[in-house]
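For reference, work29.tsv is printed below; it contains TSV, C-alpha atoms.
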chain	number	residue	atom	x	y	z
K	22	MET	CA	30.58	-110.14	104.77
K	23	ASN	CA	33.02	-112.95	105.56
K	24	LYS	CA	34.48	-112.86	109.06
K	25	LEU	CA	38.27	-112.62	109.36
K	26	SER	CA	40.26	-114.21	112.20
K	27	ILE	CA	43.80	-112.91	112.70
K	28	VAL	CA	45.94	-115.48	114.53
K	29	ILE	CA	48.99	-114.05	116.27
K	30	PRO	CA	51.52	-116.22	118.16
K	31	THR	CA	53.23	-114.40	121.02
K	32	PHE	CA	56.27	-115.01	123.18
K	33	ASN	CA	57.26	-112.17	125.50
K	34	GLU	CA	55.70	-109.38	123.41
K	35	LYS	CA	53.97	-107.39	126.19
K	36	ASP	CA	55.14	-104.02	124.89
K	37	ASN	CA	53.67	-104.53	121.42
K	38	ILE	CA	50.18	-105.85	122.19
K	39	ARG	CA	48.20	-102.64	122.62
K	40	SER	CA	49.73	-100.90	119.62
K	41	LEU	CA	49.20	-104.00	117.48
K	42	VAL	CA	45.54	-104.36	118.44
K	43	LYS	CA	44.79	-100.69	117.81
K	44	ARG	CA	46.43	-100.73	114.40
K	45	ILE	CA	44.58	-103.91	113.40
K	46	ASP	CA	41.24	-102.47	114.49
K	47	ASP	CA	41.95	-99.20	112.66
K	48	ALA	CA	42.97	-101.03	109.48
K	49	LEU	CA	39.93	-103.34	109.56
K	50	GLU	CA	37.33	-100.82	110.63
K	51	SER	CA	35.01	-101.93	107.80
K	52	VAL	CA	35.62	-105.68	108.24
K	53	ASN	CA	34.05	-108.13	110.69
K	54	HIS	CA	37.09	-109.52	112.49
K	55	GLU	CA	38.51	-111.12	115.61
K	56	ILE	CA	42.09	-111.08	116.92
K	57	LEU	CA	43.23	-114.36	118.45
K	58	PHE	CA	46.53	-114.49	120.31
K	59	VAL	CA	48.13	-117.83	121.14
K	60	ASP	CA	50.65	-117.09	123.84
K	61	ASP	CA	53.65	-119.00	125.20
K	62	SER	CA	55.08	-116.07	127.15
K	63	ARG	CA	57.07	-116.15	130.38
K	64	ASP	CA	56.80	-112.41	131.03
K	65	GLU	CA	53.75	-110.19	131.69
K	66	THR	CA	52.24	-110.73	128.21
K	67	PRO	CA	49.35	-112.90	129.52
K	68	GLN	CA	48.33	-110.14	131.93
K	69	VAL	CA	48.36	-107.60	129.13
K	70	LEU	CA	46.31	-109.91	126.92
K	71	GLU	CA	43.80	-110.47	129.71
K	72	ALA	CA	43.37	-106.73	130.20
K	73	VAL	CA	43.06	-106.01	126.48
K	74	SER	CA	40.54	-108.83	125.96
K	75	LYS	CA	38.33	-107.31	128.67
K	76	GLU	CA	38.54	-103.89	127.01
K	77	ASN	CA	38.01	-105.13	123.44
K	78	SER	CA	35.46	-107.84	122.62
K	79	ARG	CA	37.26	-108.64	119.35
K	80	VAL	CA	40.36	-109.82	121.24
K	81	LYS	CA	40.69	-113.40	122.48
K	82	TYR	CA	43.70	-115.28	123.72
K	83	ILE	CA	44.92	-118.75	124.61
K	84	HIS	CA	47.83	-119.10	127.02
K	85	ARG	CA	49.83	-122.31	126.79
K	86	GLU	CA	51.80	-123.38	129.87
K	87	ASN	CA	53.58	-126.52	128.72
K	88	GLU	CA	53.89	-126.06	124.98
K	89	LYS	CA	56.05	-123.83	122.83
K	90	GLY	CA	56.76	-123.15	119.18
K	91	LEU	CA	55.35	-120.65	116.72
K	92	ALA	CA	54.04	-123.15	114.18
K	93	THR	CA	52.07	-125.27	116.67
K	94	ALA	CA	50.70	-122.10	118.28
K	95	VAL	CA	49.39	-120.87	114.94
K	96	LEU	CA	47.81	-124.22	114.16
K	97	MET	CA	46.03	-124.14	117.52
K	98	GLY	CA	44.78	-120.66	116.63
K	99	PHE	CA	43.49	-121.83	113.26
K	100	ARG	CA	41.50	-124.57	114.99
K	101	ALA	CA	40.01	-122.16	117.53
K	102	ALA	CA	39.21	-119.38	115.05
K	103	ASP	CA	35.64	-118.49	114.09
K	104	GLY	CA	36.42	-116.75	110.82
K	105	ASP	CA	35.69	-117.74	107.23
K	106	TYR	CA	39.06	-116.23	106.36
K	107	LEU	CA	42.17	-116.88	108.48
K	108	ALA	CA	45.28	-114.72	108.68
K	109	CYS	CA	48.61	-115.22	110.38
K	110	MET	CA	51.03	-112.46	111.36
K	111	ASP	CA	53.79	-111.76	113.88
K	112	ALA	CA	53.32	-109.70	117.02
K	113	ASP	CA	56.49	-107.62	116.70
K	114	LEU	CA	55.00	-105.10	114.21
K	115	GLN	CA	57.47	-106.06	111.49
K	116	HIS	CA	54.37	-107.19	109.63
K	117	PRO	CA	52.45	-103.91	109.25
K	118	PRO	CA	48.82	-104.42	110.32
K	119	GLU	CA	47.67	-102.05	107.59
K	120	ILE	CA	48.40	-104.76	105.00
K	121	LEU	CA	45.53	-106.88	106.36
K	122	LEU	CA	42.85	-104.94	104.50
K	123	PRO	CA	44.45	-105.40	101.05
K	124	MET	CA	44.87	-109.08	101.88
K	125	TYR	CA	41.19	-109.35	102.75
K	126	VAL	CA	40.25	-107.56	99.53
K	127	ALA	CA	42.32	-110.07	97.52
K	128	LEU	CA	40.25	-112.92	98.97
K	129	THR	CA	36.98	-111.10	98.26
K	130	LYS	CA	38.11	-110.97	94.63
K	131	GLY	CA	38.41	-114.73	94.45
K	132	ALA	CA	41.88	-115.70	95.61
K	133	ASP	CA	42.15	-118.79	97.79
K	134	MET	CA	45.20	-117.31	99.47
K	135	CYS	CA	46.91	-113.92	99.68
K	136	ILE	CA	50.62	-113.67	100.39
K	137	PRO	CA	52.22	-110.24	100.83
K	138	SER	CA	55.69	-110.27	99.29
K	139	ARG	CA	58.82	-108.29	100.03
K	140	LEU	CA	60.28	-109.46	96.75
K	141	ILE	CA	57.94	-108.19	94.02
K	142	PRO	CA	57.97	-104.61	92.67
K	143	GLY	CA	56.76	-102.27	95.39
K	144	GLY	CA	57.89	-104.59	98.20
K	145	SER	CA	60.91	-104.25	100.47
K	146	ASP	CA	62.73	-106.24	103.16
K	147	GLY	CA	64.28	-103.08	104.58
K	148	GLY	CA	63.38	-104.10	108.13
K	149	LEU	CA	66.06	-106.81	108.06
K	150	ASN	CA	69.76	-106.23	108.65
K	151	TRP	CA	72.26	-107.85	106.28
K	152	TYR	CA	72.62	-110.98	108.42
K	153	ARG	CA	68.87	-111.55	108.68
K	154	LYS	CA	68.55	-110.97	104.92
K	155	LEU	CA	71.18	-113.67	104.37
K	156	ILE	CA	69.38	-116.12	106.67
K	157	SER	CA	65.98	-115.31	105.15
K	158	GLY	CA	67.24	-115.67	101.58
K	159	SER	CA	68.98	-118.95	102.36
K	160	ALA	CA	65.84	-120.40	103.96
K	161	ARG	CA	63.74	-119.31	100.99
K	162	ASN	CA	66.12	-120.86	98.46
K	163	ILE	CA	66.46	-124.09	100.41
K	164	GLY	CA	62.69	-124.38	100.68
K	165	LYS	CA	62.19	-123.86	96.96
K	166	ALA	CA	64.95	-126.34	96.09
K	167	MET	CA	63.47	-129.04	98.32
K	168	LEU	CA	59.76	-128.39	97.74
K	169	PRO	CA	58.50	-127.75	94.18
K	170	CYS	CA	55.17	-126.56	95.61
K	171	LEU	CA	56.92	-123.43	96.95
K	172	ARG	CA	58.55	-122.40	93.67
K	173	PRO	CA	55.65	-120.39	92.17
K	174	ILE	CA	55.57	-118.18	95.29
K	175	SER	CA	58.05	-115.31	95.48
K	176	ASP	CA	58.16	-115.08	99.29
K	177	PRO	CA	57.08	-118.49	100.64
K	178	THR	CA	58.92	-118.48	103.97
K	179	SER	CA	57.28	-115.38	105.42
K	180	GLY	CA	54.94	-115.65	108.38
K	181	LEU	CA	52.37	-113.25	106.90
K	182	PHE	CA	49.48	-114.70	104.89
K	183	MET	CA	45.69	-115.03	104.66
K	184	PHE	CA	43.51	-117.77	103.21
K	185	ARG	CA	40.01	-119.21	102.99
K	186	LYS	CA	39.50	-121.49	105.95
K	187	GLU	CA	38.17	-124.36	103.85
K	188	ILE	CA	41.49	-124.89	102.05
K	189	ILE	CA	42.97	-126.49	105.18
K	190	ASP	CA	40.11	-128.95	105.62
K	191	GLY	CA	41.81	-132.35	105.69
K	192	ALA	CA	45.30	-130.84	105.41
K	193	ASP	CA	47.98	-133.08	106.91
K	194	MET	CA	49.77	-130.35	108.85
K	195	ARG	CA	52.47	-131.45	111.30
K	196	PRO	CA	54.25	-128.17	111.98
K	197	VAL	CA	57.50	-127.83	113.91
K	198	GLY	CA	59.61	-124.80	114.69
K	199	TRP	CA	58.84	-121.44	113.12
K	200	LYS	CA	57.71	-121.86	109.53
K	201	ILE	CA	53.96	-122.32	109.35
K	202	MET	CA	53.25	-120.92	105.89
K	203	ILE	CA	55.25	-123.58	104.07
K	204	GLU	CA	53.16	-126.17	105.93
K	205	VAL	CA	49.95	-124.55	104.69
K	206	LEU	CA	51.27	-124.16	101.14
K	207	ALA	CA	52.47	-127.77	101.02
K	208	THR	CA	49.49	-129.58	102.54
K	209	SER	CA	46.39	-127.53	101.65
K	210	HIS	CA	44.13	-127.82	98.60
K	211	PHE	CA	43.88	-124.54	96.67
K	212	SER	CA	44.21	-123.21	93.15
K	213	SER	CA	44.82	-119.45	93.25
K	214	VAL	CA	47.22	-117.14	95.07
K	215	THR	CA	47.41	-113.35	94.93
K	216	GLU	CA	50.70	-111.72	95.90
K	217	ILE	CA	50.71	-108.08	96.96
K	218	PRO	CA	53.76	-105.91	97.71
K	219	TYR	CA	54.56	-104.83	101.27
K	220	THR	CA	57.43	-103.40	103.28
K	221	PHE	CA	58.84	-105.51	106.09
K	222	CYS	CA	59.36	-103.10	108.99
K	223	GLU	CA	61.88	-102.76	111.80
K	224	ARG	CA	61.03	-104.47	115.08
K	225	GLN	CA	59.37	-102.03	117.51
K	226	SER	CA	60.15	-103.75	120.80
K	227	GLY	CA	61.60	-106.98	122.19
K	228	GLU	CA	64.10	-109.32	120.59
K	229	SER	CA	64.08	-111.82	117.75
K	230	LYS	CA	63.34	-115.38	118.88
K	231	ILE	CA	65.21	-117.07	116.01
K	232	ASP	CA	68.14	-119.26	117.08
K	233	LYS	CA	70.24	-122.10	115.68
K	234	ASP	CA	67.66	-124.69	116.70
K	235	ALA	CA	65.19	-123.03	114.33
K	236	THR	CA	67.50	-123.79	111.40
K	237	VAL	CA	67.64	-127.48	112.24
K	238	GLN	CA	63.86	-127.62	112.71
K	239	TYR	CA	63.32	-125.90	109.35
K	240	LEU	CA	65.49	-128.42	107.51
K	241	GLN	CA	63.69	-131.30	109.24
K	242	GLN	CA	60.34	-129.77	108.28
K	243	CYS	CA	61.34	-129.45	104.61
K	244	MET	CA	62.58	-133.03	104.55
K	245	ASP	CA	59.32	-134.28	106.05
K	246	LEU	CA	57.17	-132.21	103.68
K	247	ARG	CA	58.94	-133.71	100.67
K	248	LYS	CA	57.13	-136.96	101.49
K	249	ARG	CA	53.62	-135.52	101.77
K	250	TYR	CA	53.19	-132.25	99.91
K	251	VAL	CA	50.10	-131.85	97.73
K	252	ARG	CA	50.70	-131.35	94.02
K	253	ASN	CA	48.27	-128.51	93.40
K	254	LYS	CA	48.05	-126.73	90.08
K	255	ILE	CA	47.95	-123.09	91.08
K	256	SER	CA	47.80	-119.73	89.37
K	257	VAL	CA	49.68	-116.83	90.96
K	258	THR	CA	48.59	-113.24	90.35
K	259	LYS	CA	50.89	-110.40	91.37
K	260	TRP	CA	49.25	-107.07	92.11
K	261	THR	CA	51.18	-103.85	91.72
K	262	SER	CA	51.04	-101.19	94.42
K	263	GLU	CA	48.72	-99.16	92.18
K	264	GLN	CA	46.36	-102.09	91.61
K	265	THR	CA	46.31	-102.84	95.33
K	266	ASP	CA	45.42	-99.25	96.20
K	267	THR	CA	42.69	-99.16	93.55
K	268	TYR	CA	41.05	-102.39	94.71
K	269	VAL	CA	41.14	-101.27	98.36
K	270	LYS	CA	39.52	-97.94	97.48
K	271	GLU	CA	36.80	-99.75	95.54
K	272	PHE	CA	36.16	-102.04	98.49
K	273	THR	CA	36.01	-99.29	101.12
K	274	SER	CA	33.80	-97.07	99.00
K	275	GLY	CA	31.33	-99.94	98.63
K	276	ASN	CA	31.14	-100.70	102.35

Since I need it in another form, could you write the structure as structure tokens?
Amino acid sequence: MNKLSIVIPTFNEKDNIRSLVKRIDDALESVNHEILFVDDSRDETPQVLEAVSKENSRVKYIHRENEKGLATAVLMGFRAADGDYLACMDADLQHPPEILLPMYVALTKGADMCIPSRLIPGGSDGGLNWYRKLISGSARNIGKAMLPCLRPISDPTSGLFMFRKEIIDGADMRPVGWKIMIEVLATSHFSSVTEIPYTFCERQSGESKIDKDATVQYLQQCMDLRKRYVRNKISVTKWTSEQTDTYVKEFTSGN
């Protein structure tokens, strides 16, 4: 069985850590996995991570003192991860940990990358208020307009995805700001993506870290990627909710 590494960037998320770890472990009970936090926090999050890592051998963490930024944190996690498959998700529980198993199943069925989507039938972005929906939609449309490599993907600016580790071998990733998935999509070498529906949830604790600087960084990132994105020919398969459930049941019954 291929090992899965879940990379989670954190910044002041102390109240979410234990719940997040438990839900990941419950969801991936039948999968060999590790949970790797890359932490830039200024609150008690490092102490919580230290305690949880002592209680749970699957949990590891890196605390950065003089660096910050979600995208660079995730890239550091990718480099430190032991898994054959790598996943990225947020720590605020808006990405439901239960979606990790269907993502893993999609890779076992041959996909190079699995991207849960709020925007295909069965998906929902109900966890966003109207303002965040406007910002999210604008970022998605700008990205697709500037980068043709994002256009086949329905939800390319999310922070929730999983892929085979080898696709980033040699990838020219220079991430800034918050958007790491567009960096992976633009610079990696892959040929197949499976999209599965999911519901984006309401934040459980803490506050959103997005600010006006993130918008400027995103535009700079898109401009830079226009010069170096890889022109992959990819096929995109969209699973329905029913297909996803069926494939997960087949996987769990066989393990």

Would you kindly return, as a list in words, each protein, DNA or RNA residue with an atom no farther than 9 Å from any atom of K:Cys109, considering all atoms listed in the file and excluding same-chain residues fewer than 4 positions away? Ser26, Ile27, Val28, Ile29, Pro30, Val95, Phe99, Gly180, Leu181, Phe182, Met183, Ile201 and Met202 of chain K

Would you mind exporting C-alpha atoms of the selected residues as a compact mmCIF listing (two decimals), keeping the file's coordinate frame?
# COMPACT_ATOMS: atom_id res chain seq x y z
CA SER K 26 40.26 -114.21 112.20
CA ILE K 27 43.80 -112.91 112.70
CA VAL K 28 45.94 -115.48 114.53
CA ILE K 29 48.99 -114.05 116.27
CA PRO K 30 51.52 -116.22 118.16
CA VAL K 95 49.39 -120.87 114.94
CA PHE K 99 43.49 -121.83 113.26
CA GLY K 180 54.94 -115.65 108.38
CA LEU K 181 52.37 -113.25 106.90
CA PHE K 182 49.48 -114.70 104.89
CA MET K 183 45.69 -115.03 104.66
CA ILE K 201 53.96 -122.32 109.35
CA MET K 202 53.25 -120.92 105.89

Name the residues in contact with K:Ser175 at a cut-off of 10 Å, using only C-alpha atoms, excluding same-chain residues fewer than 2 positions from it; report them as a list in words. Ile136, Pro137, Ser138, Arg139, Leu140, Ile141, Arg161, Lys165, Leu171, Arg172, Pro173, Pro177, Thr178, Ser179, Glu216, Val257 and Lys259 of chain K

Written file, previous selection with C-alpha atoms, as a CSV table (one decimal), in the coordinates of the input:
chain,number,residue,atom,x,y,z
K,136,ILE,CA,50.6,-113.7,100.4
K,137,PRO,CA,52.2,-110.2,100.8
K,138,SER,CA,55.7,-110.3,99.3
K,139,ARG,CA,58.8,-108.3,100.0
K,140,LEU,CA,60.3,-109.5,96.8
K,141,ILE,CA,57.9,-108.2,94.0
K,161,ARG,CA,63.7,-119.3,101.0
K,165,LYS,CA,62.2,-123.9,97.0
K,171,LEU,CA,56.9,-123.4,97.0
K,172,ARG,CA,58.6,-122.4,93.7
K,173,PRO,CA,55.6,-120.4,92.2
K,177,PRO,CA,57.1,-118.5,100.6
K,178,THR,CA,58.9,-118.5,104.0
K,179,SER,CA,57.3,-115.4,105.4
K,216,GLU,CA,50.7,-111.7,95.9
K,257,VAL,CA,49.7,-116.8,91.0
K,259,LYS,CA,50.9,-110.4,91.4

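Close contacts of K:Leu246, defined as residues with an atom at most 12 Å away when counting all atoms listed in the file, with chain neighbours fewer than 4 positions off set aside, comprise K:Gly164, K:Lys165, K:Met167, K:Leu168, K:Pro169, K:Cys170, K:Leu171, K:Asp193, K:Met194, K:Arg195, K:Pro196, K:Val197, K:Lys200, K:Ile201, K:Ile203, K:Glu204, K:Val205, K:Leu206, K:Ala207, K:Thr208, K:Ser209, K:Tyr239, K:Leu240, K:Gln241, K:Gln242, K:Tyr250, K:Val251, K:Arg252.
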
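One finds atom CA of K:Val269 at 18.1 Å from atom CA of K:Pro142.
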
Could you state the separation of atom CA of K:Ala48 and atom CA of K:Asp64 in Å, given to one decimal place? 28.0 Å

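For the choices K:Ile255, K:Ala166, K:Glu271, K:Gly144, the atom-to-atom distance to K:Cys222 is smallest for K:Gly144 when using only C-alpha atoms.
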
Write out as JSON lines the residues of stretch 24-105 of chain K that have any atom within 10 Å of an atom of stretch 112-126 of chain K, one row each with the nearest atom pair and its distance in Å to one decimal, counting only C-alpha atoms, sorted by chain and then rising number.
{"residue": "K:Lys24", "atom": "CA", "partner": "K:Tyr125", "partner_atom": "CA", "distance": 9.9}
{"residue": "K:Leu25", "atom": "CA", "partner": "K:Tyr125", "partner_atom": "CA", "distance": 7.9}
{"residue": "K:Ile27", "atom": "CA", "partner": "K:Leu121", "partner_atom": "CA", "distance": 8.9}
{"residue": "K:Val28", "atom": "CA", "partner": "K:Ala112", "partner_atom": "CA", "distance": 9.7}
{"residue": "K:Ile29", "atom": "CA", "partner": "K:Ala112", "partner_atom": "CA", "distance": 6.2}
{"residue": "K:Pro30", "atom": "CA", "partner": "K:Ala112", "partner_atom": "CA", "distance": 6.9}
{"residue": "K:Thr31", "atom": "CA", "partner": "K:Ala112", "partner_atom": "CA", "distance": 6.2}
{"residue": "K:Phe32", "atom": "CA", "partner": "K:Ala112", "partner_atom": "CA", "distance": 8.7}
{"residue": "K:Asn33", "atom": "CA", "partner": "K:Ala112", "partner_atom": "CA", "distance": 9.7}
{"residue": "K:Glu34", "atom": "CA", "partner": "K:Ala112", "partner_atom": "CA", "distance": 6.8}
{"residue": "K:Lys35", "atom": "CA", "partner": "K:Ala112", "partner_atom": "CA", "distance": 9.5}
{"residue": "K:Asp36", "atom": "CA", "partner": "K:Asp113", "partner_atom": "CA", "distance": 9.0}
{"residue": "K:Asn37", "atom": "CA", "partner": "K:Asp113", "partner_atom": "CA", "distance": 6.3}
{"residue": "K:Ile38", "atom": "CA", "partner": "K:Ala112", "partner_atom": "CA", "distance": 7.2}
{"residue": "K:Ser40", "atom": "CA", "partner": "K:Leu114", "partner_atom": "CA", "distance": 8.6}
{"residue": "K:Leu41", "atom": "CA", "partner": "K:Leu114", "partner_atom": "CA", "distance": 6.7}
{"residue": "K:Val42", "atom": "CA", "partner": "K:Pro118", "partner_atom": "CA", "distance": 8.8}
{"residue": "K:Lys43", "atom": "CA", "partner": "K:Pro118", "partner_atom": "CA", "distance": 9.3}
{"residue": "K:Arg44", "atom": "CA", "partner": "K:Pro118", "partner_atom": "CA", "distance": 6.0}
{"residue": "K:Ile45", "atom": "CA", "partner": "K:Pro118", "partner_atom": "CA", "distance": 5.3}
{"residue": "K:Asp46", "atom": "CA", "partner": "K:Pro118", "partner_atom": "CA", "distance": 8.9}
{"residue": "K:Asp47", "atom": "CA", "partner": "K:Glu119", "partner_atom": "CA", "distance": 8.2}
{"residue": "K:Ala48", "atom": "CA", "partner": "K:Glu119", "partner_atom": "CA", "distance": 5.2}
{"residue": "K:Leu49", "atom": "CA", "partner": "K:Leu122", "partner_atom": "CA", "distance": 6.1}
{"residue": "K:Glu50", "atom": "CA", "partner": "K:Leu122", "partner_atom": "CA", "distance": 9.2}
{"residue": "K:Ser51", "atom": "CA", "partner": "K:Leu122", "partner_atom": "CA", "distance": 9.0}
{"residue": "K:Val52", "atom": "CA", "partner": "K:Leu122", "partner_atom": "CA", "distance": 8.2}
{"residue": "K:Phe58", "atom": "CA", "partner": "K:Ala112", "partner_atom": "CA", "distance": 8.9}

Provide the atom CA of K:Phe221 to atom CA of K:Asp61 distance in Å, to one decimal place. 24.0 Å

Provide an axis-aligned box for all listed atoms of stretch 245-258 of chain K, padding each side by 3 Å; report its centre and its edge lengths in Å to one decimal, as JSON.
{"center_x": 53.6, "center_y": -125.1, "center_z": 97.7, "size_x": 17.5, "size_y": 29.7, "size_z": 22.7}
